[in-house]
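Written below as structure tokens is the structure these notes are about.
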Amino acid sequence: MRFTIRPVCLMLALLGMLSAGLPVRAAEPPIRVGVLAYRGGDHANAVWEPTVRYLAERFPQRGAEMVPLDLPGMDAAVASGSVDFVLTNTGNYVELEARHGVTRIATLHSSRSGASGAAVGSALIVRAGRDDIRSLADLKGKSVMAVDPDAFGGFQVAWGAMLAAGVDPYADLKELRFSGFPVDRVAFAVRDGAVDAGVLRACVLEELAEEGHLDRAGFQVVGARTEPGFGCALSTGLYPDWPLARLANTPEELAKAVVVALFEMPEGHPAALAGGYEGWTVPMDYQPVHGLFRSLRIGPYEHLRDVTLLDLAREHWHWLALAALALLWWAVHSLRVEHLIKVRTAELRAANRELRREMAERRRAEDTARERQKEMDHVARLSILGEMASNIAHELNQPLGAIANYARGCTRRLEAGVGSAAEFAEASRAIAAQADRAGQIIARIRDFVRKRAVQLEPADVNGAVEAALQLCEGRARSGNIPVTRELAPGLPPVLADRVQIEQVVLNLVKNALDAMGDGAGEGRGVTVRTGLDAEGRVEIAVADRGHGLSEDARARLFDPFFTTKPGGMGLGLSICRTIVESHGGHLWATDNPGGGTIVRLVLPAAEEKVDAG
Ligand code: ADP
């Protein structure tokens with residue numbers, strides 16, 4: 001659209017140029033003013049054509065033309081330099097300023113501007129009587145309708161204020177809707193209860209009421225605040241109105257001349273009436289708009305939405321610090337645990353070495369003890385046999401004497417030439433039997449005194465008792481002491497070294513015979529009993545009617561080297577107890593109620609049965 005006043009007179013044109021302070025040039029192109037036609041070309045024409053026409057009148061030699069542009073068109077026109085000036089809304093201006101270096105040269109002075117000259121803000125409206133929404137923070141969880149995401153007063157200013165109140169309209173609302181134009185749809189949606197609240201550019205509510213489209217009393221403004229000199233209800237701060245801006249390469253003189261022309265627009269000029277403003281004023285500070293856009297990350301600051309790691313770190317530094325601390329703690333803890341494990345492992349290894357050394361030592365000590373025990377057993381057996389040597393010799397003498405008698409008898413008969421072959425055969429059989437008997441005595445003694453390792457096997461207790469009694473039979477006979485056997489039949493075997501059990505019984509019987517001394521007496525004798533005790537253990541009891549136990553003997557009976565006998569060693573009972581206990585049994589002495597002593601021992605029965613032998 002072009003408004004050109006053709007000069008009729010060169011002189012007039014020249015004068016006009018001079019008055020505009022421009023150098024004289026022939027056929028200069030018209031001044032091109034890009035105008036944001038946010039509601040289409042017709043609307044833009046109606047509102048801004050008179051203003052551009054005013055400029056054309058002020059520059060008759062060039063004329064001026066209005067170029068209605070939408071947002072992308074505005075950007076392209078500025079980028080290509082196809083316009084000299086742009087008249088656009090506040091938000092679009094800061095974007096063009098940041099992107100293309102356009103500079104505001106004047107700001108619209110609205111009839112509704114506050115004392116500061118700023119005129120653009122937002123009103124958040126709700127139906128009158130909505131007491132649940134009094135402040136912007138109350139909008140959380142509510143449904144809100146705004147004009148358009150790109151509408152400055154119709155959304156963006158309110159968006160910033162809501163964020164400042166702790167409500168992110170894109171995250172914290174039940175619903176966010178945009179009505180588009182005409183903006184009165186927002187007011188109607190609020191009035192009809194379609195949404196809880198609506199966002200309008202400040203003053204739109206009042207304008208709609210003045211035009212009779214709605215009843216102002218039916219609405220209230222959320223978080224209403226006042227700005228000095230500003231006549232409309234407001235929920236936010238105020239921002240400057242539309243500016244007129246020149247492009248970076250628009251000549252300075254032209255810019256100045258246009259500013260002068262605009263400032264000189266008479267009050268009540270039809271152009272101002274059509275544009276809904278009072279006039280033009282010095283360019284206002286648009287930094288607050290930059291601040292708002294920066295915080296919303298829109299317009300020239302949209303790139304801030306690409307969140308960098310640094311941004312995240314800055315925003316969440318306290319969590320990061322906490323995580324770093326936790327990591328540090330964990331690292332220190334791990335190192336400490338590792339160190340403790342190392343120390344503990346070393347300690348355990350040392351303890352293990354020490355344990356192994358102790359075990360080896362103990363094994364050596366046990367081996368030595370076992371060896372000593374074996375020696376002692378052997379010595380004890382030799383000693384007990386030594387004590388009984390004369391009786392054993394007497395024992396052997398009997399068969400030997402018998403053999404000699406039979407041999408002599410045979411010799412005599414042969415020399416006398418008497419005797420039948422049958423008689424000689426009988427005699428030599430008797431000789432052989434006596435020799436066998438002597439051999440058995442010697443074999444028994446040899447078995448008994450043999451130095452040998454302990455052999456645990458199921459053993460028949462009655463058999464062991466019998467073998468021991470046979471070894472001391474001669475001694476009993478020579479002392480004229482009857483030895484009675486009361487051996488219980490069918491006893492379970494014991495897991496034992498049979499020779500050791502024989503040794504114990506022999507020792508106890510020898511002690512019993514010793515206690516009775518020589519000489520006959522009433523009721524004298526030794527009784528050896530076997531049987532089962534109440535707990536199923538095999539018991540052997542050797543009872544005598546001897547002198548009994550003195551107090552001293554009772555207390556020290558099992559002490560090594562305790563003896564009351566001249567020439568006694570005092571080791572017998574202590575060795576017997578060691579042997580019995582090493583078989584898991586128990587050995588003790590009690591008084592015999594009829595006088596004398598009973599020495600008893602119990603041995604645990606073995607699992608398996610053995611044949612009595
Ligand atoms: P020793 O027979 O060489 O003395 P023992 O250890 O066999 O060694 O016996 C220790 C002592 O216990 C004996 O000297 C004796 O005083 C006492 N003693 C052992 N058995 C009996 C018994 N049946 N009756 C009385 N005293 C006994």
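Simple scheme: letters A, B, ... for chains in structure tokens order, numbers from 1 for residues in each chain, numbers from 1 for ligands in the order shown.
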Subject >> Surroundings of ligand 1 up to 9 Å, based on only C-alpha atoms and all ligand atoms, as number ranges by chain >> reply: A: 384, 507-516, 542-550, 552-554, 556-576, 589, 591, 596-599
**OP:** Looking only at strand (DSSP E) from DSSP on the backbone, list the matching residues of segment 116-223 of chain A as a list in words.
**Re:**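 After running DSSP on the backbone, segment 116-223 of chain A has strand (DSSP E) at Ser122, Ala123, Leu124, Ile125, Val126, Arg127, Ser143, Val144, Met145, Ala146, Glu175, Leu176, Arg177, Phe178, Ala197, Gly198, Val199, Leu200, Arg201, Phe219, Gln220 and Val221 of chain A.
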Mind checking which residues fall within 9 Å of Ser135 of chain A, counting only C-alpha atoms, ignoring those fewer than 5 positions away in the same chain, and posting them as a PDB file with N, CA and C atoms, in the first residue's frame?
ATOM      1  N   ALA A 165       5.257 -16.854  40.776  1.00  0.00           N
ATOM      2  CA  ALA A 165       4.404 -17.235  41.913  1.00  0.00           C
ATOM      3  C   ALA A 165       4.490 -18.739  42.191  1.00  0.00           C
ATOM      4  N   VAL A 222      -7.419 -11.814  39.366  1.00  0.00           N
ATOM      5  CA  VAL A 222      -6.631 -12.563  40.360  1.00  0.00           C
ATOM      6  C   VAL A 222      -5.372 -11.769  40.713  1.00  0.00           C
ATOM      7  N   GLY A 223      -5.114 -11.671  42.022  1.00  0.00           N
ATOM      8  CA  GLY A 223      -3.893 -10.985  42.492  1.00  0.00           C
ATOM      9  C   GLY A 223      -3.846  -9.553  41.987  1.00  0.00           C
ATOM     10  N   ALA A 224      -4.983  -8.887  41.994  1.00  0.00           N
ATOM     11  CA  ALA A 224      -5.072  -7.552  41.396  1.00  0.00           C
ATOM     12  C   ALA A 224      -4.080  -6.587  42.036  1.00  0.00           C
ATOM     13  N   SER A 235      -2.825  -8.077  36.817  1.00  0.00           N
ATOM     14  CA  SER A 235      -2.287  -9.115  37.707  1.00  0.00           C
ATOM     15  C   SER A 235      -0.771  -9.142  37.664  1.00  0.00           C
TER      16      SER A 235
END
Original post:
Of the residues A:Gln500, A:Arg370, A:Ser179, A:Lys174, which is the one nearest to Ala151 of chain A, using only C-alpha atoms?
Top reply: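 The shortest atom-to-atom distance to Ala151 of chain A comes from A:Ser179.
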Original post:
Hey, what's within 9 Å of segment 459-469 of chain A if we count only C-alpha atoms and toss same-chain stuff fewer than 6 positions away? As number ranges by chain, please?
Top reply: A: 444, 483, 485, 487-489, 491-499, 501-507, 509, 528, 530, 538-540, 606, 609-613
Within 7 Å of segment 78-95 of chain A using only C-alpha atoms, minus same-chain residues under 6 positions, as a PDB file with C-alpha atoms, in the first residue's frame:
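So the final result, stored in around_31.pdb, reads:
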ATOM      1  CA  ILE A  31       9.551   5.092   3.097  1.00  0.00           C
ATOM      2  CA  ARG A  32       8.569   1.481   3.759  1.00  0.00           C
ATOM      3  CA  VAL A  33       7.041   0.694   7.113  1.00  0.00           C
ATOM      4  CA  GLY A  34       6.624  -2.980   7.986  1.00  0.00           C
ATOM      5  CA  VAL A  35       3.587  -3.384  10.250  1.00  0.00           C
ATOM      6  CA  LEU A  36       2.777  -6.525  12.224  1.00  0.00           C
ATOM      7  CA  PHE A 152       2.598 -10.857  24.746  1.00  0.00           C
ATOM      8  CA  PRO A 240       6.330  -0.863  27.177  1.00  0.00           C
ATOM      9  CA  ASP A 241       3.839  -0.688  24.327  1.00  0.00           C
ATOM     10  CA  TRP A 242       4.554  -1.188  20.607  1.00  0.00           C
ATOM     11  CA  PRO A 243       7.671   0.610  19.363  1.00  0.00           C
ATOM     12  CA  LEU A 244       8.584   1.986  15.962  1.00  0.00           C
ATOM     13  CA  ALA A 245      12.062   0.727  15.143  1.00  0.00           C
ATOM     14  CA  ARG A 246      14.524   1.466  12.389  1.00  0.00           C
ATOM     15  CA  LEU A 247      16.681  -1.108  10.708  1.00  0.00           C
ATOM     16  CA  THR A 250      18.207   2.892   7.779  1.00  0.00           C
ATOM     17  CA  HIS A 290      14.405  -9.130  27.500  1.00  0.00           C
ATOM     18  CA  GLY A 299      11.982 -15.400  21.511  1.00  0.00           C
ATOM     19  CA  PRO A 300      15.683 -14.569  21.202  1.00  0.00           C
TER      20      PRO A 300
END
Original post:
Which neighbours of segment 421-425 of chain A fall inside 12 Å, counting only C-alpha atoms, when residues of the same chain fewer than 2 positions from it are skipped, and could you give them as a ChimeraX atom specification?
Top reply: /A:406-414,417-419,427-432
Original post:
How many Å lie between atom CA of Ala476 of chain A and atom CA of Gln440 of chain A, rounded to one decimal?
Top reply: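 Result for atom CA of Ala476 of chain A versus atom CA of Gln440 of chain A: 18.9 Å, one decimal.
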For Leu108 of chain A, find every residue with an atom within 10 Å (counting only C-alpha atoms), except residues of its own chain fewer than 3 positions away, and show them as a tab-separated table (two decimals) with all heavy atoms, in the first residue's frame.
chain	number	residue	atom	x	y	z
A	87	LEU	N	6.91	-1.44	12.66
A	87	LEU	CA	6.00	-1.10	13.75
A	87	LEU	C	5.43	-2.44	14.22
A	87	LEU	O	4.66	-3.08	13.48
A	87	LEU	CB	4.90	-0.18	13.21
A	87	LEU	CG	3.84	0.30	14.19
A	87	LEU	CD1	4.45	1.02	15.38
A	87	LEU	CD2	2.85	1.22	13.47
A	111	SER	N	-3.50	5.67	25.45
A	111	SER	CA	-4.36	6.47	26.31
A	111	SER	C	-4.44	5.85	27.70
A	111	SER	O	-4.76	6.50	28.68
A	111	SER	CB	-5.75	6.58	25.70
A	111	SER	OG	-6.19	5.27	25.36
A	113	SER	N	-1.81	4.22	29.19
A	113	SER	CA	-0.48	4.03	29.77
A	113	SER	C	-0.43	4.53	31.21
A	113	SER	O	-1.07	5.51	31.57
A	113	SER	CB	0.56	4.81	28.97
A	113	SER	OG	0.61	4.31	27.67
A	117	GLY	N	4.68	5.25	31.46
A	117	GLY	CA	4.55	5.15	30.01
A	117	GLY	C	4.33	3.72	29.56
A	117	GLY	O	3.93	3.47	28.44
A	118	ALA	N	4.57	2.76	30.44
A	118	ALA	CA	4.35	1.36	30.07
A	118	ALA	C	2.86	1.08	30.05
A	118	ALA	O	2.10	1.64	30.83
A	118	ALA	CB	5.03	0.45	31.07
A	119	ALA	N	2.44	0.22	29.13
A	119	ALA	CA	1.00	0.02	28.96
A	119	ALA	C	0.59	-1.42	28.80
A	119	ALA	O	-0.59	-1.72	28.73
A	119	ALA	CB	0.53	0.83	27.76
A	240	PRO	N	6.56	-1.91	28.18
A	240	PRO	CA	6.33	-0.86	27.18
A	240	PRO	C	5.43	-1.34	26.06
A	240	PRO	O	5.38	-2.54	25.76
A	240	PRO	CB	7.72	-0.55	26.64
A	240	PRO	CG	8.69	-1.20	27.56
A	240	PRO	CD	7.97	-2.28	28.29
A	241	ASP	N	4.75	-0.39	25.44
A	241	ASP	CA	3.84	-0.69	24.33
A	241	ASP	C	4.64	-0.87	23.04
A	241	ASP	O	5.85	-0.88	23.05
A	241	ASP	CB	2.84	0.48	24.19
A	241	ASP	CG	1.48	-0.02	23.74
A	241	ASP	OD1	1.45	-1.06	23.03
A	241	ASP	OD2	0.47	0.60	24.11
A	242	TRP	N	3.91	-0.98	21.91
A	242	TRP	CA	4.55	-1.19	20.61
A	242	TRP	C	5.58	-0.07	20.32
A	242	TRP	O	5.29	1.09	20.55
A	242	TRP	CB	3.51	-1.15	19.48
A	242	TRP	CG	2.65	-2.38	19.38
A	242	TRP	CD1	2.18	-3.11	20.40
A	242	TRP	CD2	2.17	-2.95	18.17
A	242	TRP	NE1	1.41	-4.14	19.92
A	242	TRP	CE2	1.39	-4.06	18.54
A	242	TRP	CE3	2.30	-2.65	16.81
A	242	TRP	CZ2	0.76	-4.87	17.60
A	242	TRP	CZ3	1.67	-3.45	15.88
A	242	TRP	CH2	0.91	-4.56	16.27
A	243	PRO	N	6.73	-0.42	19.79
A	243	PRO	CA	7.67	0.61	19.36
A	243	PRO	C	7.70	0.74	17.84
A	243	PRO	O	7.28	-0.17	17.13
A	243	PRO	CB	9.00	0.07	19.85
A	243	PRO	CG	8.84	-1.41	19.71
A	243	PRO	CD	7.38	-1.74	19.83
A	244	LEU	N	8.21	1.87	17.38
A	244	LEU	CA	8.58	1.99	15.96
A	244	LEU	C	10.10	1.87	15.96
A	244	LEU	O	10.78	2.55	16.73
A	244	LEU	CB	8.16	3.33	15.39
A	244	LEU	CG	8.55	3.49	13.90
A	244	LEU	CD1	7.58	2.71	13.01
A	244	LEU	CD2	8.59	4.95	13.48
A	262	LEU	N	6.67	11.99	13.96
A	262	LEU	CA	5.72	11.30	14.85
A	262	LEU	C	5.45	12.11	16.12
A	262	LEU	O	4.32	12.19	16.59
A	262	LEU	CB	6.26	9.90	15.21
A	262	LEU	CG	6.24	8.87	14.08
A	262	LEU	CD1	6.87	7.55	14.54
A	262	LEU	CD2	4.82	8.60	13.57
A	272	ALA	N	-3.91	8.72	15.25
A	272	ALA	CA	-3.83	8.26	16.63
A	272	ALA	C	-5.14	7.61	17.06
A	272	ALA	O	-5.16	6.56	17.72
A	272	ALA	CB	-3.51	9.43	17.55
A	275	GLY	N	-5.35	4.19	15.57
A	275	GLY	CA	-4.38	3.27	16.18
A	275	GLY	C	-4.65	3.04	17.65
A	275	GLY	O	-3.99	2.22	18.28
A	276	GLY	N	-5.62	3.77	18.21
A	276	GLY	CA	-5.96	3.56	19.62
A	276	GLY	C	-4.87	4.08	20.53
A	276	GLY	O	-4.65	3.54	21.62
A	277	TYR	N	-4.11	5.09	20.09
A	277	TYR	CA	-3.08	5.65	20.96
A	277	TYR	C	-3.24	7.15	21.04
A	277	TYR	O	-3.98	7.74	20.28
A	277	TYR	CB	-1.69	5.26	20.46
A	277	TYR	CG	-1.35	5.68	19.03
A	277	TYR	CD1	-0.78	6.94	18.77
A	277	TYR	CD2	-1.57	4.82	17.96
A	277	TYR	CE1	-0.45	7.30	17.48
A	277	TYR	CE2	-1.24	5.20	16.68
A	277	TYR	CZ	-0.67	6.44	16.43
A	277	TYR	OH	-0.36	6.80	15.15
A	278	GLU	N	-2.51	7.76	21.99
A	278	GLU	CA	-2.59	9.20	22.14
A	278	GLU	C	-1.53	9.90	21.34
A	278	GLU	O	-1.70	11.04	20.90
A	278	GLU	CB	-2.42	9.57	23.63
A	278	GLU	CG	-3.71	9.44	24.38
A	278	GLU	CD	-3.62	9.98	25.80
A	278	GLU	OE1	-2.49	10.31	26.23
A	278	GLU	OE2	-4.66	10.04	26.44
A	279	GLY	N	-0.39	9.22	21.20
A	279	GLY	CA	0.69	9.83	20.44
A	279	GLY	C	1.93	8.98	20.59
A	279	GLY	O	1.84	7.80	20.90
A	280	TRP	N	3.07	9.60	20.31
A	280	TRP	CA	4.34	8.87	20.37
A	280	TRP	C	5.23	9.51	21.42
A	280	TRP	O	5.16	10.70	21.67
A	280	TRP	CB	5.03	8.90	18.99
A	280	TRP	CG	4.27	8.10	17.98
A	280	TRP	CD1	3.26	8.54	17.22
A	280	TRP	CD2	4.44	6.72	17.71
A	280	TRP	NE1	2.75	7.53	16.42
A	280	TRP	CE2	3.49	6.37	16.72
A	280	TRP	CE3	5.28	5.72	18.18
A	280	TRP	CZ2	3.38	5.10	16.19
A	280	TRP	CZ3	5.18	4.46	17.63
A	280	TRP	CH2	4.22	4.14	16.66
A	281	THR	N	6.03	8.70	22.04
A	281	THR	CA	6.90	9.23	23.07
A	281	THR	C	8.33	8.71	22.84
A	281	THR	O	8.55	7.85	21.96
A	281	THR	CB	6.38	8.82	24.47
A	281	THR	OG1	7.20	9.45	25.44
A	281	THR	CG2	6.43	7.33	24.67
A	282	VAL	N	9.26	9.20	23.63
A	282	VAL	CA	10.65	8.76	23.46
A	282	VAL	C	10.71	7.25	23.64
A	282	VAL	O	9.90	6.68	24.39
A	282	VAL	CB	11.58	9.44	24.49
A	282	VAL	CG1	11.79	10.89	24.15
A	282	VAL	CG2	11.03	9.25	25.88
A	283	PRO	N	11.65	6.62	22.97
A	283	PRO	CA	11.69	5.14	23.06
A	283	PRO	C	11.90	4.69	24.50
A	283	PRO	O	12.72	5.24	25.22
A	283	PRO	CB	12.88	4.75	22.19
A	283	PRO	CG	13.68	6.00	22.00
A	283	PRO	CD	12.73	7.15	22.12
A	284	MET	N	11.09	3.71	24.91
A	284	MET	CA	11.19	3.23	26.29
A	284	MET	C	12.24	2.12	26.40
A	284	MET	O	12.72	1.60	25.40
A	284	MET	CB	9.83	2.73	26.77
A	284	MET	CG	8.86	3.88	26.95
A	284	MET	SD	7.37	3.34	27.76
A	284	MET	CE	8.00	2.81	29.33
